[in-house]
Amino acid sequence: MSSADPVRSFANPVALNPDQRRLVRHAFESGASVRARSDRGAAASGQRQAIRELCLSCRQLGLSPVELLIAFNAALNETANDAGMAHGPERNELLSRLVTVFIEELHEFRIQRAPRRSEGADSRGT
């Protein structure tokens, strides 16, 4: 595939920088290291914190949420491949969980960032 291929350029419109990729790797490793369901709370906390930091670092990129999700998903799959994690149910579960957390954190960030209207903003003073 050439770099001018429109499918490839749509699939990965932006690559995350090295610090952002480190956060993806940290979130991945937090989840991949936990095997027992009882230990998932600690892993979930580490994953969520890393992904929250990633979302905050992405705000200056000026990308749409869909573009950020595509970039995150690409980096996440590369991280799983680099870690040698085989395709299958365990990988699918981990990656799905991380994508869900990313969407939740991205949504939370956008809600907090949206301007809040005061209760009387629409009143005409009557």
# chains A, B, ... in the order shown; residues from 1 in each chain; ligands from 1
call {"tool": "residues_around", "arguments": {"residues": "segment 24-33 of chain A", "least_positions_apart": "6", "cutoff": "8 Å", "atoms": "only C-alpha atoms", "output": "ChimeraX atom specification"}}
result
/A:40,43-44,46-48,50-51,54,72,75-76,79-80,94-95,98
call {"tool": "write_last_selection", "arguments": {"atoms": "C-alpha atoms", "output": "mmCIF file, in the first residue's frame"}}
result
data_model
loop_
_atom_site.group_PDB
_atom_site.id
_atom_site.type_symbol
_atom_site.label_atom_id
_atom_site.label_comp_id
_atom_site.auth_asym_id
_atom_site.auth_seq_id
_atom_site.Cartn_x
_atom_site.Cartn_y
_atom_site.Cartn_z
ATOM 1 C CA ARG A 40 -9.517 -6.106 37.568
ATOM 2 C CA ALA A 43 -6.085 -2.668 36.416
ATOM 3 C CA ALA A 44 -9.174 -0.685 35.480
ATOM 4 C CA GLY A 46 -4.543 2.200 35.889
ATOM 5 C CA GLN A 47 -6.129 1.903 32.462
ATOM 6 C CA ARG A 48 -8.588 4.707 33.094
ATOM 7 C CA ALA A 50 -3.631 6.464 31.435
ATOM 8 C CA ILE A 51 -6.507 6.903 28.997
ATOM 9 C CA LEU A 54 -4.227 10.507 26.752
ATOM 10 C CA PHE A 72 -6.380 5.318 19.474
ATOM 11 C CA ALA A 75 -2.156 2.560 18.341
ATOM 12 C CA LEU A 76 -3.871 0.009 20.566
ATOM 13 C CA THR A 79 0.640 -2.181 20.908
ATOM 14 C CA ALA A 80 -1.087 -5.573 21.139
ATOM 15 C CA LEU A 94 -9.052 -6.397 26.512
ATOM 16 C CA LEU A 95 -9.108 -4.161 23.436
ATOM 17 C CA LEU A 98 -9.905 -0.189 26.517
#
call {"tool": "atom_distance", "arguments": {"atom1": "atom CA of Met85 of chain A", "atom2": "atom CA of Arg21 of chain A"}}
result
17.1 Å
call {"tool": "decode", "arguments": {"residues": "segment 61-108 of chain A", "atoms": "N, CA and C atoms", "output": "PDB file, in the first residue's frame"}}
result
ATOM      1  N   LEU A  61      -4.850  18.622  19.483  1.00  0.00           N
ATOM      2  CA  LEU A  61      -4.752  18.126  18.110  1.00  0.00           C
ATOM      3  C   LEU A  61      -5.866  18.667  17.225  1.00  0.00           C
ATOM      4  N   GLY A  62      -6.976  19.082  17.827  1.00  0.00           N
ATOM      5  CA  GLY A  62      -8.078  19.648  17.059  1.00  0.00           C
ATOM      6  C   GLY A  62      -8.792  18.637  16.183  1.00  0.00           C
ATOM      7  N   LEU A  63      -8.772  17.384  16.589  1.00  0.00           N
ATOM      8  CA  LEU A  63      -9.407  16.330  15.803  1.00  0.00           C
ATOM      9  C   LEU A  63     -10.802  16.032  16.327  1.00  0.00           C
ATOM     10  N   SER A  64     -11.632  15.483  15.461  1.00  0.00           N
ATOM     11  CA  SER A  64     -12.965  15.069  15.877  1.00  0.00           C
ATOM     12  C   SER A  64     -12.846  13.834  16.764  1.00  0.00           C
ATOM     13  N   PRO A  65     -13.870  13.553  17.559  1.00  0.00           N
ATOM     14  CA  PRO A  65     -13.839  12.334  18.376  1.00  0.00           C
ATOM     15  C   PRO A  65     -13.642  11.062  17.545  1.00  0.00           C
ATOM     16  N   VAL A  66     -14.222  11.021  16.359  1.00  0.00           N
ATOM     17  CA  VAL A  66     -14.069   9.838  15.501  1.00  0.00           C
ATOM     18  C   VAL A  66     -12.603   9.693  15.072  1.00  0.00           C
ATOM     19  N   GLU A  67     -11.964  10.791  14.694  1.00  0.00           N
ATOM     20  CA  GLU A  67     -10.555  10.735  14.297  1.00  0.00           C
ATOM     21  C   GLU A  67      -9.679  10.298  15.472  1.00  0.00           C
ATOM     22  N   LEU A  68      -9.985  10.790  16.669  1.00  0.00           N
ATOM     23  CA  LEU A  68      -9.228  10.380  17.854  1.00  0.00           C
ATOM     24  C   LEU A  68      -9.424   8.892  18.133  1.00  0.00           C
ATOM     25  N   LEU A  69     -10.650   8.425  17.988  1.00  0.00           N
ATOM     26  CA  LEU A  69     -10.925   7.007  18.215  1.00  0.00           C
ATOM     27  C   LEU A  69     -10.175   6.133  17.217  1.00  0.00           C
ATOM     28  N   ILE A  70     -10.136   6.547  15.965  1.00  0.00           N
ATOM     29  CA  ILE A  70      -9.403   5.785  14.944  1.00  0.00           C
ATOM     30  C   ILE A  70      -7.919   5.741  15.279  1.00  0.00           C
ATOM     31  N   ALA A  71      -7.353   6.881  15.682  1.00  0.00           N
ATOM     32  CA  ALA A  71      -5.933   6.930  16.036  1.00  0.00           C
ATOM     33  C   ALA A  71      -5.655   6.066  17.267  1.00  0.00           C
ATOM     34  N   PHE A  72      -6.538   6.128  18.266  1.00  0.00           N
ATOM     35  CA  PHE A  72      -6.380   5.318  19.474  1.00  0.00           C
ATOM     36  C   PHE A  72      -6.448   3.831  19.124  1.00  0.00           C
ATOM     37  N   ASN A  73      -7.439   3.457  18.342  1.00  0.00           N
ATOM     38  CA  ASN A  73      -7.610   2.052  17.970  1.00  0.00           C
ATOM     39  C   ASN A  73      -6.396   1.530  17.204  1.00  0.00           C
ATOM     40  N   ALA A  74      -5.874   2.332  16.300  1.00  0.00           N
ATOM     41  CA  ALA A  74      -4.685   1.922  15.542  1.00  0.00           C
ATOM     42  C   ALA A  74      -3.491   1.717  16.478  1.00  0.00           C
ATOM     43  N   ALA A  75      -3.274   2.670  17.395  1.00  0.00           N
ATOM     44  CA  ALA A  75      -2.156   2.560  18.341  1.00  0.00           C
ATOM     45  C   ALA A  75      -2.351   1.368  19.276  1.00  0.00           C
ATOM     46  N   LEU A  76      -3.575   1.124  19.673  1.00  0.00           N
ATOM     47  CA  LEU A  76      -3.871   0.009  20.566  1.00  0.00           C
ATOM     48  C   LEU A  76      -3.595  -1.330  19.878  1.00  0.00           C
ATOM     49  N   ASN A  77      -4.014  -1.470  18.643  1.00  0.00           N
ATOM     50  CA  ASN A  77      -3.748  -2.705  17.904  1.00  0.00           C
ATOM     51  C   ASN A  77      -2.256  -2.907  17.665  1.00  0.00           C
ATOM     52  N   GLU A  78      -1.550  -1.836  17.356  1.00  0.00           N
ATOM     53  CA  GLU A  78      -0.095  -1.941  17.185  1.00  0.00           C
ATOM     54  C   GLU A  78       0.570  -2.367  18.482  1.00  0.00           C
ATOM     55  N   THR A  79       0.086  -1.826  19.601  1.00  0.00           N
ATOM     56  CA  THR A  79       0.640  -2.181  20.908  1.00  0.00           C
ATOM     57  C   THR A  79       0.413  -3.659  21.200  1.00  0.00           C
ATOM     58  N   ALA A  80      -0.789  -4.149  20.929  1.00  0.00           N
ATOM     59  CA  ALA A  80      -1.087  -5.573  21.139  1.00  0.00           C
ATOM     60  C   ALA A  80      -0.212  -6.445  20.246  1.00  0.00           C
ATOM     61  N   ASN A  81      -0.022  -6.026  19.005  1.00  0.00           N
ATOM     62  CA  ASN A  81       0.842  -6.781  18.090  1.00  0.00           C
ATOM     63  C   ASN A  81       2.284  -6.779  18.587  1.00  0.00           C
ATOM     64  N   ASP A  82       2.774  -5.617  19.006  1.00  0.00           N
ATOM     65  CA  ASP A  82       4.149  -5.509  19.503  1.00  0.00           C
ATOM     66  C   ASP A  82       4.357  -6.371  20.744  1.00  0.00           C
ATOM     67  N   ALA A  83       3.313  -6.502  21.566  1.00  0.00           N
ATOM     68  CA  ALA A  83       3.397  -7.321  22.780  1.00  0.00           C
ATOM     69  C   ALA A  83       3.282  -8.811  22.469  1.00  0.00           C
ATOM     70  N   GLY A  84       2.968  -9.132  21.217  1.00  0.00           N
ATOM     71  CA  GLY A  84       2.848 -10.528  20.823  1.00  0.00           C
ATOM     72  C   GLY A  84       1.558 -11.181  21.298  1.00  0.00           C
ATOM     73  N   MET A  85       0.546 -10.381  21.591  1.00  0.00           N
ATOM     74  CA  MET A  85      -0.732 -10.934  22.049  1.00  0.00           C
ATOM     75  C   MET A  85      -1.472 -11.518  20.853  1.00  0.00           C
ATOM     76  N   ALA A  86      -1.773 -12.798  20.957  1.00  0.00           N
ATOM     77  CA  ALA A  86      -2.437 -13.499  19.859  1.00  0.00           C
ATOM     78  C   ALA A  86      -3.870 -13.014  19.701  1.00  0.00           C
ATOM     79  N   HIS A  87      -4.354 -13.048  18.462  1.00  0.00           N
ATOM     80  CA  HIS A  87      -5.756 -12.728  18.196  1.00  0.00           C
ATOM     81  C   HIS A  87      -6.610 -13.806  18.847  1.00  0.00           C
ATOM     82  N   GLY A  88      -7.709 -13.388  19.428  1.00  0.00           N
ATOM     83  CA  GLY A  88      -8.606 -14.339  20.068  1.00  0.00           C
ATOM     84  C   GLY A  88      -9.472 -13.638  21.098  1.00  0.00           C
ATOM     85  N   PRO A  89     -10.243 -14.405  21.857  1.00  0.00           N
ATOM     86  CA  PRO A  89     -11.196 -13.826  22.811  1.00  0.00           C
ATOM     87  C   PRO A  89     -10.551 -12.944  23.880  1.00  0.00           C
ATOM     88  N   GLU A  90      -9.400 -13.352  24.409  1.00  0.00           N
ATOM     89  CA  GLU A  90      -8.746 -12.568  25.460  1.00  0.00           C
ATOM     90  C   GLU A  90      -8.322 -11.196  24.920  1.00  0.00           C
ATOM     91  N   ARG A  91      -7.733 -11.188  23.749  1.00  0.00           N
ATOM     92  CA  ARG A  91      -7.313  -9.927  23.119  1.00  0.00           C
ATOM     93  C   ARG A  91      -8.535  -9.068  22.805  1.00  0.00           C
ATOM     94  N   ASN A  92      -9.556  -9.679  22.221  1.00  0.00           N
ATOM     95  CA  ASN A  92     -10.767  -8.929  21.889  1.00  0.00           C
ATOM     96  C   ASN A  92     -11.389  -8.291  23.121  1.00  0.00           C
ATOM     97  N   GLU A  93     -11.443  -9.043  24.220  1.00  0.00           N
ATOM     98  CA  GLU A  93     -12.026  -8.526  25.459  1.00  0.00           C
ATOM     99  C   GLU A  93     -11.213  -7.328  25.983  1.00  0.00           C
ATOM    100  N   LEU A  94      -9.906  -7.477  26.013  1.00  0.00           N
ATOM    101  CA  LEU A  94      -9.052  -6.397  26.512  1.00  0.00           C
ATOM    102  C   LEU A  94      -9.170  -5.150  25.638  1.00  0.00           C
ATOM    103  N   LEU A  95      -9.054  -5.319  24.328  1.00  0.00           N
ATOM    104  CA  LEU A  95      -9.108  -4.161  23.436  1.00  0.00           C
ATOM    105  C   LEU A  95     -10.487  -3.503  23.478  1.00  0.00           C
ATOM    106  N   SER A  96     -11.537  -4.304  23.547  1.00  0.00           N
ATOM    107  CA  SER A  96     -12.889  -3.739  23.642  1.00  0.00           C
ATOM    108  C   SER A  96     -13.053  -2.927  24.923  1.00  0.00           C
ATOM    109  N   ARG A  97     -12.534  -3.456  26.018  1.00  0.00           N
ATOM    110  CA  ARG A  97     -12.618  -2.744  27.296  1.00  0.00           C
ATOM    111  C   ARG A  97     -11.868  -1.411  27.215  1.00  0.00           C
ATOM    112  N   LEU A  98     -10.691  -1.422  26.619  1.00  0.00           N
ATOM    113  CA  LEU A  98      -9.905  -0.189  26.517  1.00  0.00           C
ATOM    114  C   LEU A  98     -10.578   0.833  25.601  1.00  0.00           C
ATOM    115  N   VAL A  99     -11.165   0.380  24.513  1.00  0.00           N
ATOM    116  CA  VAL A  99     -11.877   1.292  23.615  1.00  0.00           C
ATOM    117  C   VAL A  99     -13.083   1.891  24.341  1.00  0.00           C
ATOM    118  N   THR A 100     -13.787   1.076  25.119  1.00  0.00           N
ATOM    119  CA  THR A 100     -14.932   1.580  25.880  1.00  0.00           C
ATOM    120  C   THR A 100     -14.492   2.651  26.869  1.00  0.00           C
ATOM    121  N   VAL A 101     -13.408   2.407  27.580  1.00  0.00           N
ATOM    122  CA  VAL A 101     -12.899   3.399  28.539  1.00  0.00           C
ATOM    123  C   VAL A 101     -12.487   4.665  27.797  1.00  0.00           C
ATOM    124  N   PHE A 102     -11.848   4.526  26.640  1.00  0.00           N
ATOM    125  CA  PHE A 102     -11.443   5.694  25.859  1.00  0.00           C
ATOM    126  C   PHE A 102     -12.658   6.536  25.477  1.00  0.00           C
ATOM    127  N   ILE A 103     -13.702   5.876  25.007  1.00  0.00           N
ATOM    128  CA  ILE A 103     -14.922   6.601  24.614  1.00  0.00           C
ATOM    129  C   ILE A 103     -15.542   7.288  25.823  1.00  0.00           C
ATOM    130  N   GLU A 104     -15.598   6.597  26.955  1.00  0.00           N
ATOM    131  CA  GLU A 104     -16.151   7.201  28.173  1.00  0.00           C
ATOM    132  C   GLU A 104     -15.350   8.428  28.596  1.00  0.00           C
ATOM    133  N   GLU A 105     -14.033   8.309  28.594  1.00  0.00           N
ATOM    134  CA  GLU A 105     -13.182   9.430  29.013  1.00  0.00           C
ATOM    135  C   GLU A 105     -13.246  10.581  28.013  1.00  0.00           C
ATOM    136  N   LEU A 106     -13.285  10.270  26.744  1.00  0.00           N
ATOM    137  CA  LEU A 106     -13.390  11.308  25.722  1.00  0.00           C
ATOM    138  C   LEU A 106     -14.719  12.037  25.869  1.00  0.00           C
ATOM    139  N   HIS A 107     -15.778  11.299  26.108  1.00  0.00           N
ATOM    140  CA  HIS A 107     -17.109  11.889  26.309  1.00  0.00           C
ATOM    141  C   HIS A 107     -17.121  12.748  27.567  1.00  0.00           C
ATOM    142  N   GLU A 108     -16.545  12.259  28.646  1.00  0.00           N
ATOM    143  CA  GLU A 108     -16.490  13.012  29.905  1.00  0.00           C
ATOM    144  C   GLU A 108     -15.720  14.314  29.705  1.00  0.00           C
TER     145      GLU A 108
END
